[in-house]
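Chemist: Below is work18.pdb; it holds PDB, C-alpha atoms, pLDDT in the B column.
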ATOM      1  CA  MET A   1       0.000   0.000   0.000  1.00 52.00           C
ATOM      2  CA  GLU A   2       2.583   2.567  -1.119  1.00 52.00           C
ATOM      3  CA  PHE A   3       1.887   5.928  -2.741  1.00 54.00           C
ATOM      4  CA  PRO A   4       5.004   6.307  -4.886  1.00 57.00           C
ATOM      5  CA  GLU A   5       4.371   9.887  -5.977  1.00 73.00           C
ATOM      6  CA  LEU A   6       3.797  11.729  -2.699  1.00 80.00           C
ATOM      7  CA  ASN A   7       5.414  15.138  -2.994  1.00 90.00           C
ATOM      8  CA  SER A   8       7.452  15.740   0.166  1.00 93.00           C
ATOM      9  CA  PHE A   9       7.801  19.462  -0.508  1.00 94.00           C
ATOM     10  CA  TYR A  10       4.007  19.854  -0.821  1.00 93.00           C
ATOM     11  CA  PHE A  11       3.291  17.781   2.293  1.00 94.00           C
ATOM     12  CA  SER A  12       5.938  19.450   4.430  1.00 96.00           C
ATOM     13  CA  SER A  13       4.914  22.942   3.299  1.00 97.00           C
ATOM     14  CA  ALA A  14       1.223  22.281   3.925  1.00 97.00           C
ATOM     15  CA  ILE A  15       2.001  20.678   7.311  1.00 98.00           C
ATOM     16  CA  LEU A  16       4.210  23.570   8.420  1.00 98.00           C
ATOM     17  CA  ILE A  17       1.705  26.196   7.283  1.00 98.00           C
ATOM     18  CA  SER A  18      -1.153  24.378   9.056  1.00 98.00           C
ATOM     19  CA  ALA A  19       0.952  23.880  12.189  1.00 98.00           C
ATOM     20  CA  THR A  20       1.978  27.539  12.193  1.00 98.00           C
ATOM     21  CA  LEU A  21      -1.605  28.767  11.862  1.00 98.00           C
ATOM     22  CA  PHE A  22      -2.706  26.336  14.572  1.00 97.00           C
ATOM     23  CA  THR A  23       0.076  27.460  16.905  1.00 97.00           C
ATOM     24  CA  ILE A  24      -0.719  31.150  16.411  1.00 97.00           C
ATOM     25  CA  THR A  25      -4.437  30.654  17.036  1.00 96.00           C
ATOM     26  CA  TRP A  26      -3.770  28.335  19.982  1.00 93.00           C
ATOM     27  CA  PHE A  27      -1.479  30.982  21.497  1.00 93.00           C
ATOM     28  CA  LEU A  28      -4.228  33.601  21.065  1.00 94.00           C
ATOM     29  CA  ASP A  29      -6.760  31.180  22.583  1.00 89.00           C
ATOM     30  CA  ALA A  30      -4.411  30.510  25.522  1.00 86.00           C
ATOM     31  CA  ILE A  31      -4.258  34.254  26.159  1.00 87.00           C
ATOM     32  CA  THR A  32      -8.062  34.285  26.189  1.00 82.00           C
ATOM     33  CA  HIS A  33      -8.040  31.367  28.667  1.00 71.00           C
ATOM     34  CA  ALA A  34      -5.567  33.161  30.893  1.00 69.00           C
ATOM     35  CA  ASN A  35      -7.880  36.177  30.973  1.00 70.00           C
ATOM     36  CA  LEU A  36     -10.870  33.969  31.800  1.00 61.00           C
ATOM     37  CA  ALA A  37      -9.154  31.739  34.358  1.00 54.00           C
ATOM     38  CA  GLU A  38      -9.779  33.945  37.349  1.00 56.00           C
ATOM     39  CA  SER A  39     -13.512  34.050  36.728  1.00 59.00           C
ATOM     40  CA  GLU A  40     -14.686  31.143  34.595  1.00 71.00           C
ATOM     41  CA  ILE A  41     -12.392  28.137  34.060  1.00 78.00           C
ATOM     42  CA  THR A  42     -13.124  25.264  36.396  1.00 83.00           C
ATOM     43  CA  ARG A  43     -10.926  22.400  37.490  1.00 88.00           C
ATOM     44  CA  ARG A  44     -12.963  20.033  35.275  1.00 90.00           C
ATOM     45  CA  GLU A  45     -12.386  22.201  32.199  1.00 87.00           C
ATOM     46  CA  LEU A  46      -8.677  22.335  32.969  1.00 88.00           C
ATOM     47  CA  GLN A  47      -8.728  18.548  33.320  1.00 93.00           C
ATOM     48  CA  THR A  48     -10.206  18.301  29.810  1.00 93.00           C
ATOM     49  CA  HIS A  49      -7.538  20.671  28.480  1.00 90.00           C
ATOM     50  CA  ARG A  50      -4.843  18.527  30.075  1.00 94.00           C
ATOM     51  CA  ILE A  51      -6.269  15.374  28.488  1.00 96.00           C
ATOM     52  CA  LEU A  52      -6.180  17.205  25.154  1.00 94.00           C
ATOM     53  CA  ILE A  53      -2.516  18.109  25.683  1.00 95.00           C
ATOM     54  CA  VAL A  54      -1.544  14.526  26.612  1.00 97.00           C
ATOM     55  CA  THR A  55      -3.482  12.838  23.818  1.00 97.00           C
ATOM     56  CA  SER A  56      -2.281  15.410  21.281  1.00 96.00           C
ATOM     57  CA  GLY A  57       1.307  14.727  22.311  1.00 95.00           C
ATOM     58  CA  LEU A  58       0.767  10.980  22.062  1.00 97.00           C
ATOM     59  CA  MET A  59      -0.832  11.427  18.652  1.00 97.00           C
ATOM     60  CA  GLU A  60       2.095  13.547  17.410  1.00 96.00           C
ATOM     61  CA  VAL A  61       4.658  11.038  18.686  1.00 97.00           C
ATOM     62  CA  SER A  62       2.772   8.182  17.019  1.00 97.00           C
ATOM     63  CA  LEU A  63       2.758  10.125  13.741  1.00 97.00           C
ATOM     64  CA  LEU A  64       6.533  10.613  13.974  1.00 95.00           C
ATOM     65  CA  LEU A  65       7.031   6.921  14.733  1.00 97.00           C
ATOM     66  CA  MET A  66       5.370   6.102  11.406  1.00 96.00           C
ATOM     67  CA  PHE A  67       8.763   6.908   9.911  1.00 95.00           C
ATOM     68  CA  TRP A  68       9.900   3.514  11.234  1.00 95.00           C
ATOM     69  CA  PHE A  69       6.785   1.590  12.348  1.00 95.00           C
ATOM     70  CA  ARG A  70       3.806   2.170  10.082  1.00 93.00           C
ATOM     71  CA  TRP A  71       1.487  -0.712  11.023  1.00 96.00           C
ATOM     72  CA  GLU A  72       2.725  -1.208  14.551  1.00 97.00           C
ATOM     73  CA  ILE A  73       1.950   2.361  15.636  1.00 97.00           C
ATOM     74  CA  LEU A  74      -1.354   2.680  13.745  1.00 97.00           C
ATOM     75  CA  PRO A  75      -3.582   1.456  16.642  1.00 97.00           C
ATOM     76  CA  ILE A  76      -1.966   3.944  19.036  1.00 97.00           C
ATOM     77  CA  PHE A  77      -2.436   6.775  16.551  1.00 98.00           C
ATOM     78  CA  ILE A  78      -6.100   5.876  15.992  1.00 98.00           C
ATOM     79  CA  ALA A  79      -6.777   5.581  19.745  1.00 97.00           C
ATOM     80  CA  ALA A  80      -5.053   8.906  20.496  1.00 97.00           C
ATOM     81  CA  PHE A  81      -6.844  10.620  17.600  1.00 98.00           C
ATOM     82  CA  ILE A  82     -10.283   9.385  18.686  1.00 97.00           C
ATOM     83  CA  THR A  83      -9.652  10.236  22.346  1.00 97.00           C
ATOM     84  CA  ARG A  84      -8.330  13.689  21.479  1.00 96.00           C
ATOM     85  CA  THR A  85     -11.227  14.430  19.152  1.00 96.00           C
ATOM     86  CA  ALA A  86     -13.807  13.207  21.683  1.00 96.00           C
ATOM     87  CA  HIS A  87     -12.335  15.444  24.372  1.00 95.00           C
ATOM     88  CA  GLU A  88     -12.239  18.362  21.967  1.00 93.00           C
ATOM     89  CA  PHE A  89     -15.994  17.910  21.493  1.00 93.00           C
ATOM     90  CA  ILE A  90     -16.471  17.660  25.261  1.00 94.00           C
ATOM     91  CA  ASP A  91     -14.493  20.876  25.721  1.00 91.00           C
ATOM     92  CA  GLU A  92     -16.474  22.726  23.071  1.00 90.00           C
ATOM     93  CA  MET A  93     -19.906  21.465  24.112  1.00 91.00           C
ATOM     94  CA  SER A  94     -19.485  21.527  27.888  1.00 89.00           C
ATOM     95  CA  TRP A  95     -17.713  24.852  28.364  1.00 84.00           C
ATOM     96  CA  HIS A  96     -16.903  26.863  25.282  1.00 83.00           C
ATOM     97  CA  SER A  97     -20.293  26.908  23.590  1.00 83.00           C
ATOM     98  CA  LYS A  98     -21.811  28.480  26.711  1.00 82.00           C
ATOM     99  CA  ARG A  99     -19.391  31.351  27.143  1.00 82.00           C
ATOM    100  CA  CYS A 100     -17.297  31.911  24.008  1.00 84.00           C
ATOM    101  CA  SER A 101     -17.319  35.228  22.270  1.00 88.00           C
ATOM    102  CA  PHE A 102     -17.427  35.347  18.484  1.00 92.00           C
ATOM    103  CA  TYR A 103     -13.669  35.982  18.520  1.00 92.00           C
ATOM    104  CA  GLU A 104     -12.938  32.841  20.550  1.00 90.00           C
ATOM    105  CA  THR A 105     -15.329  30.792  18.413  1.00 91.00           C
ATOM    106  CA  ILE A 106     -13.433  31.875  15.288  1.00 95.00           C
ATOM    107  CA  LEU A 107     -10.136  30.957  16.986  1.00 95.00           C
ATOM    108  CA  HIS A 108     -11.526  27.503  17.747  1.00 93.00           C
ATOM    109  CA  LEU A 109     -12.746  27.096  14.170  1.00 94.00           C
ATOM    110  CA  ILE A 110      -9.292  27.945  12.813  1.00 97.00           C
ATOM    111  CA  MET A 111      -7.659  25.668  15.393  1.00 95.00           C
ATOM    112  CA  TRP A 112      -9.887  22.717  14.439  1.00 94.00           C
ATOM    113  CA  LEU A 113      -9.381  23.198  10.693  1.00 97.00           C
ATOM    114  CA  THR A 114      -5.625  23.587  10.917  1.00 98.00           C
ATOM    115  CA  VAL A 115      -4.922  20.856  13.474  1.00 96.00           C
ATOM    116  CA  LEU A 116      -7.040  18.346  11.554  1.00 97.00           C
ATOM    117  CA  SER A 117      -5.424  19.354   8.252  1.00 98.00           C
ATOM    118  CA  LYS A 118      -1.957  18.992   9.758  1.00 98.00           C
ATOM    119  CA  THR A 119      -2.843  15.654  11.327  1.00 97.00           C
ATOM    120  CA  PHE A 120      -4.312  14.180   8.138  1.00 97.00           C
ATOM    121  CA  LEU A 121      -1.390  15.424   6.039  1.00 97.00           C
ATOM    122  CA  LEU A 122       1.122  13.952   8.500  1.00 97.00           C
ATOM    123  CA  PHE A 123      -0.826  10.699   8.549  1.00 97.00           C
ATOM    124  CA  ILE A 124      -0.999  10.396   4.751  1.00 94.00           C
ATOM    125  CA  TRP A 125       2.678  11.243   4.282  1.00 95.00           C
ATOM    126  CA  GLY A 126       3.854   9.093   7.196  1.00 94.00           C
ATOM    127  CA  PHE A 127       1.615   6.067   6.816  1.00 94.00           C
ATOM    128  CA  PHE A 128       1.714   5.742   3.056  1.00 91.00           C
ATOM    129  CA  SER A 129       5.384   6.610   2.438  1.00 89.00           C
ATOM    130  CA  HIS A 130       7.242   6.663   5.794  1.00 91.00           C
ATOM    131  CA  PHE A 131       7.844  10.399   5.205  1.00 94.00           C
ATOM    132  CA  GLU A 132       9.715   9.746   1.986  1.00 92.00           C
ATOM    133  CA  GLY A 133      11.716  12.837   0.996  1.00 94.00           C
ATOM    134  CA  LEU A 134      11.914  14.206   4.534  1.00 95.00           C
ATOM    135  CA  ASN A 135      15.709  14.232   4.437  1.00 95.00           C
ATOM    136  CA  GLU A 136      15.720  16.220   1.173  1.00 95.00           C
ATOM    137  CA  LEU A 137      13.867  19.282   2.450  1.00 96.00           C
ATOM    138  CA  PRO A 138      15.483  22.719   2.745  1.00 97.00           C
ATOM    139  CA  PHE A 139      17.238  23.223   6.098  1.00 97.00           C
ATOM    140  CA  ILE A 140      14.943  26.137   6.937  1.00 98.00           C
ATOM    141  CA  TYR A 141      12.042  23.655   7.099  1.00 98.00           C
ATOM    142  CA  TYR A 142      13.749  21.836   9.989  1.00 97.00           C
ATOM    143  CA  ILE A 143      14.299  25.136  11.826  1.00 98.00           C
ATOM    144  CA  TRP A 144      10.666  26.063  11.155  1.00 98.00           C
ATOM    145  CA  ALA A 145       9.436  22.697  12.478  1.00 98.00           C
ATOM    146  CA  VAL A 146      11.586  22.834  15.623  1.00 98.00           C
ATOM    147  CA  SER A 147      10.422  26.410  16.280  1.00 98.00           C
ATOM    148  CA  ILE A 148       6.783  25.321  16.075  1.00 97.00           C
ATOM    149  CA  VAL A 149       7.390  22.392  18.429  1.00 96.00           C
ATOM    150  CA  VAL A 150       9.132  24.656  20.963  1.00 97.00           C
ATOM    151  CA  ILE A 151       6.335  27.230  20.861  1.00 96.00           C
ATOM    152  CA  MET A 152       3.709  24.476  21.183  1.00 95.00           C
ATOM    153  CA  ALA A 153       5.573  23.092  24.195  1.00 95.00           C
ATOM    154  CA  ILE A 154       5.596  26.524  25.843  1.00 95.00           C
ATOM    155  CA  VAL A 155       1.871  27.064  25.207  1.00 92.00           C
ATOM    156  CA  SER A 156       1.167  23.514  26.463  1.00 92.00           C
ATOM    157  CA  TRP A 157       3.128  24.226  29.645  1.00 93.00           C
ATOM    158  CA  LYS A 158       1.233  27.481  30.240  1.00 88.00           C
ATOM    159  CA  GLU A 159      -2.137  25.818  29.587  1.00 86.00           C
ATOM    160  CA  TRP A 160      -1.244  22.869  31.836  1.00 90.00           C
ATOM    161  CA  ASN A 161      -0.390  25.156  34.751  1.00 87.00           C
ATOM    162  CA  GLN A 162      -3.349  27.483  34.357  1.00 82.00           C
ATOM    163  CA  LYS A 163      -5.135  28.595  37.521  1.00 78.00           C
ATOM    164  CA  THR A 164      -8.777  27.681  37.961  1.00 76.00           C
ATOM    165  CA  LEU A 165     -11.880  29.065  39.607  1.00 73.00           C
ATOM    166  CA  ASP A 166     -12.118  26.283  42.189  1.00 68.00           C
TER     167      ASP A 166
END
Would it be possible to restate this file's structure as structure tokens?

Modeler:
Amino acid sequence: MEFPELNSFYFSSAILISATLFTITWFLDAITHANLAESEITRRELQTHRILIVTSGLMEVSLLLMFWFRWEILPIFIAAFITRTAHEFIDEMSWHSKRCSFYETILHLIMWLTVLSKTFLLFIWGFFSHFEGLNELPFIYYIWAVSIVVIMAIVSWKEWNQKTLD
């Protein structure tokens, strides 16, 4: 089940653009959460956010492991993806739909579109070709990718340690 003509430059560019847009909107959403934390975010909502961070990390690691272990890591990827998506729905339906401004709703829309695009692109490229062409990308792409990962780690850390109402 190989896709011999996957274009690594297209996939990496689309992944990096999606990841960048996601990271920017997630950062803006985290600022919104920080402003709300003193008055509206509960311990249960923070718990959901933490589950999202853990399952997202597990999903990303499983996608990277597809470079070496396509079939072996597939069940872990699917489980992490389903769990993450389910908790994203819980987060939206239980807390955000009740209090979000139009601005925050738009941020969430952009976050959903970009994170799902990035995830599906990574999955297609990784599962069907083991990231063929990854080692032939321009060096700036590696710097770009590492920068995104670092920023995501910082935002994750801030979200994880957010103060709550109760």

Chemist: Nearest to Ser62 of chain A: which of A:Leu122, A:Thr114, A:Ser97, A:Ala19 is it, counting all atoms listed in the file?

Modeler: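 Answer, going by the shortest atom-to-atom distance: A:Leu122.
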
Chemist: As a check of understanding, name the residues that the PyMOL selection byres ((chain A and resi 41-57) around 8) selects in the supplied structure, as a list in words.

Modeler: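 Answer for the PyMOL selection byres ((chain A and resi 41-57) around 8): His33, Leu36, Ala37, Glu38, Ser39, Glu40, Leu58, Met59, Glu60, Val61, Ala80, Phe81, Thr83, Arg84, His87, Glu88, Ile90, Asp91, Trp95, Ser156, Glu159, Trp160, Gln162, Thr164, Leu165 and Asp166 of chain A.
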
Chemist: Can you tell me, as a list in words, what residues are no more than 9 Å from Ala14 of chain A when counting all atoms listed in the file, ignoring any on the same chain fewer than 5 positions away?

Modeler: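 What passes the distance filter is Phe9, Ala19, Ser117, Lys118 and Leu121 of chain A.
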
Chemist: Just to confirm, what's the straight-line distance from atom CA of Leu137 of chain A to atom CA of Ser8 of chain A in Å (one decimal)?

Modeler: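 Separating atom CA of Leu137 of chain A from atom CA of Ser8 of chain A is a distance of 7.7 Å.
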
Chemist: Hey, can I get the axis-aligned box for segment 10-28 of chain A? All listed atoms, 8 Å padding on each side, centre and edge lengths in Å to one decimal, as JSON.

Modeler:
{"center_x": 0.8, "center_y": 25.7, "center_z": 10.3, "size_x": 26.4, "size_y": 31.8, "size_z": 38.3}

Chemist: For atom CA of Glu92 of chain A and atom CA of Thr25 of chain A, quote the distance in Å rounded to one decimal.

Modeler: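 Result for atom CA of Glu92 of chain A versus atom CA of Thr25 of chain A: 15.6 Å, one decimal.
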
Chemist: Tell me which of A:Ala79, A:Lys163, A:Thr85, A:Met66 sits closest to Val115 of chain A, counting all atoms listed in the file.

Modeler: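 Checking each candidate against Val115 of chain A, we get A:Thr85 as the closest.
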
Chemist: Evaluating the PyMOL selection byres ((chain A and resi 138-151) around 12) on the displayed file yields which residues, as JSON, numbers by chain?

Modeler: {"A": [8, 9, 10, 11, 12, 13, 14, 15, 16, 17, 18, 19, 20, 21, 22, 23, 24, 25, 26, 27, 57, 60, 61, 133, 134, 135, 136, 137, 152, 153, 154, 155, 156, 157, 158]}

Chemist: What does the distance from atom CA of Gly126 of chain A to atom CA of Phe69 of chain A come to in Å, to one decimal?

Modeler: 9.6 Å

Chemist: What's around Phe128 of chain A at 12 Å? Count only C-alpha atoms, leave out sequence neighbours fewer than 5 positions away in its own chain, and write the answer as a PyMOL selection string.

Modeler: chain A and resi 1-8+63+66-71+74+120-123

Chemist: Identify which of the residues A:Glu72, A:Leu64, A:Tyr103, A:Trp125 lies closest to Asp29 of chain A, counting only C-alpha atoms when measuring atom-to-atom distances.

Modeler: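 The shortest atom-to-atom distance to Asp29 of chain A comes from A:Tyr103.
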
Chemist: Choose the residue, out of A:Leu107, A:Leu65, A:Met93, A:Ile76, that has the smallest atom-to-atom separation from Phe127 of chain A; count all atoms listed in the file.

Modeler: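 Of the candidates, the smallest distance to Phe127 of chain A is held by A:Leu65.
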
Chemist: Add whatever atoms are absent from segment 3-23 of chain A to reach N, CA, C and O atoms, and provide the output as a PDB file, in the coordinates of the input.

Modeler:
ATOM      1  N   PHE A   3       2.218   4.840  -1.828  1.00 54.00           N
ATOM      2  CA  PHE A   3       1.887   5.928  -2.741  1.00 54.00           C
ATOM      3  C   PHE A   3       3.217   6.444  -3.272  1.00 54.00           C
ATOM      4  O   PHE A   3       3.857   7.264  -2.633  1.00 54.00           O
ATOM      5  N   PRO A   4       3.649   5.981  -4.433  1.00 57.00           N
ATOM      6  CA  PRO A   4       5.004   6.307  -4.886  1.00 57.00           C
ATOM      7  C   PRO A   4       5.235   7.761  -5.255  1.00 57.00           C
ATOM      8  O   PRO A   4       6.352   8.210  -5.286  1.00 57.00           O
ATOM      9  N   GLU A   5       4.195   8.517  -5.508  1.00 73.00           N
ATOM     10  CA  GLU A   5       4.371   9.887  -5.977  1.00 73.00           C
ATOM     11  C   GLU A   5       3.962  10.954  -4.966  1.00 73.00           C
ATOM     12  O   GLU A   5       3.501  12.013  -5.355  1.00 73.00           O
ATOM     13  N   LEU A   6       4.100  10.698  -3.682  1.00 80.00           N
ATOM     14  CA  LEU A   6       3.797  11.729  -2.699  1.00 80.00           C
ATOM     15  C   LEU A   6       4.886  12.792  -2.759  1.00 80.00           C
ATOM     16  O   LEU A   6       6.069  12.484  -2.695  1.00 80.00           O
ATOM     17  N   ASN A   7       4.482  14.031  -2.865  1.00 90.00           N
ATOM     18  CA  ASN A   7       5.414  15.138  -2.994  1.00 90.00           C
ATOM     19  C   ASN A   7       5.792  15.652  -1.600  1.00 90.00           C
ATOM     20  O   ASN A   7       4.980  16.286  -0.929  1.00 90.00           O
ATOM     21  N   SER A   8       7.018  15.377  -1.181  1.00 93.00           N
ATOM     22  CA  SER A   8       7.452  15.740   0.166  1.00 93.00           C
ATOM     23  C   SER A   8       7.471  17.257   0.376  1.00 93.00           C
ATOM     24  O   SER A   8       7.180  17.732   1.479  1.00 93.00           O
ATOM     25  N   PHE A   9       7.785  18.005  -0.660  1.00 94.00           N
ATOM     26  CA  PHE A   9       7.801  19.462  -0.508  1.00 94.00           C
ATOM     27  C   PHE A   9       6.385  19.986  -0.279  1.00 94.00           C
ATOM     28  O   PHE A   9       6.166  20.834   0.581  1.00 94.00           O
ATOM     29  N   TYR A  10       5.402  19.454  -1.020  1.00 93.00           N
ATOM     30  CA  TYR A  10       4.007  19.854  -0.821  1.00 93.00           C
ATOM     31  C   TYR A  10       3.553  19.488   0.593  1.00 93.00           C
ATOM     32  O   TYR A  10       2.991  20.326   1.297  1.00 93.00           O
ATOM     33  N   PHE A  11       3.765  18.225   0.987  1.00 94.00           N
ATOM     34  CA  PHE A  11       3.291  17.781   2.293  1.00 94.00           C
ATOM     35  C   PHE A  11       3.952  18.560   3.422  1.00 94.00           C
ATOM     36  O   PHE A  11       3.279  19.022   4.340  1.00 94.00           O
ATOM     37  N   SER A  12       5.258  18.734   3.355  1.00 96.00           N
ATOM     38  CA  SER A  12       5.938  19.450   4.430  1.00 96.00           C
ATOM     39  C   SER A  12       5.516  20.914   4.476  1.00 96.00           C
ATOM     40  O   SER A  12       5.313  21.471   5.563  1.00 96.00           O
ATOM     41  N   SER A  13       5.357  21.539   3.327  1.00 97.00           N
ATOM     42  CA  SER A  13       4.914  22.942   3.299  1.00 97.00           C
ATOM     43  C   SER A  13       3.511  23.080   3.871  1.00 97.00           C
ATOM     44  O   SER A  13       3.256  23.958   4.719  1.00 97.00           O
ATOM     45  N   ALA A  14       2.600  22.220   3.436  1.00 97.00           N
ATOM     46  CA  ALA A  14       1.223  22.281   3.925  1.00 97.00           C
ATOM     47  C   ALA A  14       1.159  21.982   5.425  1.00 97.00           C
ATOM     48  O   ALA A  14       0.404  22.627   6.159  1.00 97.00           O
ATOM     49  N   ILE A  15       1.960  21.026   5.884  1.00 98.00           N
ATOM     50  CA  ILE A  15       2.001  20.678   7.311  1.00 98.00           C
ATOM     51  C   ILE A  15       2.529  21.853   8.127  1.00 98.00           C
ATOM     52  O   ILE A  15       1.954  22.218   9.156  1.00 98.00           O
ATOM     53  N   LEU A  16       3.618  22.456   7.681  1.00 98.00           N
ATOM     54  CA  LEU A  16       4.210  23.570   8.420  1.00 98.00           C
ATOM     55  C   LEU A  16       3.299  24.796   8.431  1.00 98.00           C
ATOM     56  O   LEU A  16       3.189  25.483   9.450  1.00 98.00           O
ATOM     57  N   ILE A  17       2.638  25.063   7.325  1.00 98.00           N
ATOM     58  CA  ILE A  17       1.705  26.196   7.283  1.00 98.00           C
ATOM     59  C   ILE A  17       0.530  25.932   8.232  1.00 98.00           C
ATOM     60  O   ILE A  17       0.158  26.798   9.031  1.00 98.00           O
ATOM     61  N   SER A  18      -0.039  24.726   8.159  1.00 98.00           N
ATOM     62  CA  SER A  18      -1.153  24.378   9.056  1.00 98.00           C
ATOM     63  C   SER A  18      -0.721  24.435  10.513  1.00 98.00           C
ATOM     64  O   SER A  18      -1.439  24.974  11.362  1.00 98.00           O
ATOM     65  N   ALA A  19       0.456  23.886  10.806  1.00 98.00           N
ATOM     66  CA  ALA A  19       0.952  23.880  12.189  1.00 98.00           C
ATOM     67  C   ALA A  19       1.217  25.295  12.682  1.00 98.00           C
ATOM     68  O   ALA A  19       0.954  25.611  13.851  1.00 98.00           O
ATOM     69  N   THR A  20       1.722  26.151  11.815  1.00 98.00           N
ATOM     70  CA  THR A  20       1.978  27.539  12.193  1.00 98.00           C
ATOM     71  C   THR A  20       0.673  28.267  12.497  1.00 98.00           C
ATOM     72  O   THR A  20       0.561  28.946  13.528  1.00 98.00           O
ATOM     73  N   LEU A  21      -0.309  28.129  11.624  1.00 98.00           N
ATOM     74  CA  LEU A  21      -1.605  28.767  11.862  1.00 98.00           C
ATOM     75  C   LEU A  21      -2.257  28.225  13.132  1.00 98.00           C
ATOM     76  O   LEU A  21      -2.820  28.986  13.926  1.00 98.00           O
ATOM     77  N   PHE A  22      -2.166  26.915  13.344  1.00 97.00           N
ATOM     78  CA  PHE A  22      -2.706  26.336  14.572  1.00 97.00           C
ATOM     79  C   PHE A  22      -2.009  26.926  15.794  1.00 97.00           C
ATOM     80  O   PHE A  22      -2.666  27.326  16.762  1.00 97.00           O
ATOM     81  N   THR A  23      -0.693  26.981  15.758  1.00 97.00           N
ATOM     82  CA  THR A  23       0.076  27.460  16.905  1.00 97.00           C
ATOM     83  C   THR A  23      -0.249  28.923  17.218  1.00 97.00           C
ATOM     84  O   THR A  23      -0.408  29.290  18.384  1.00 97.00           O
TER      85      THR A  23
END
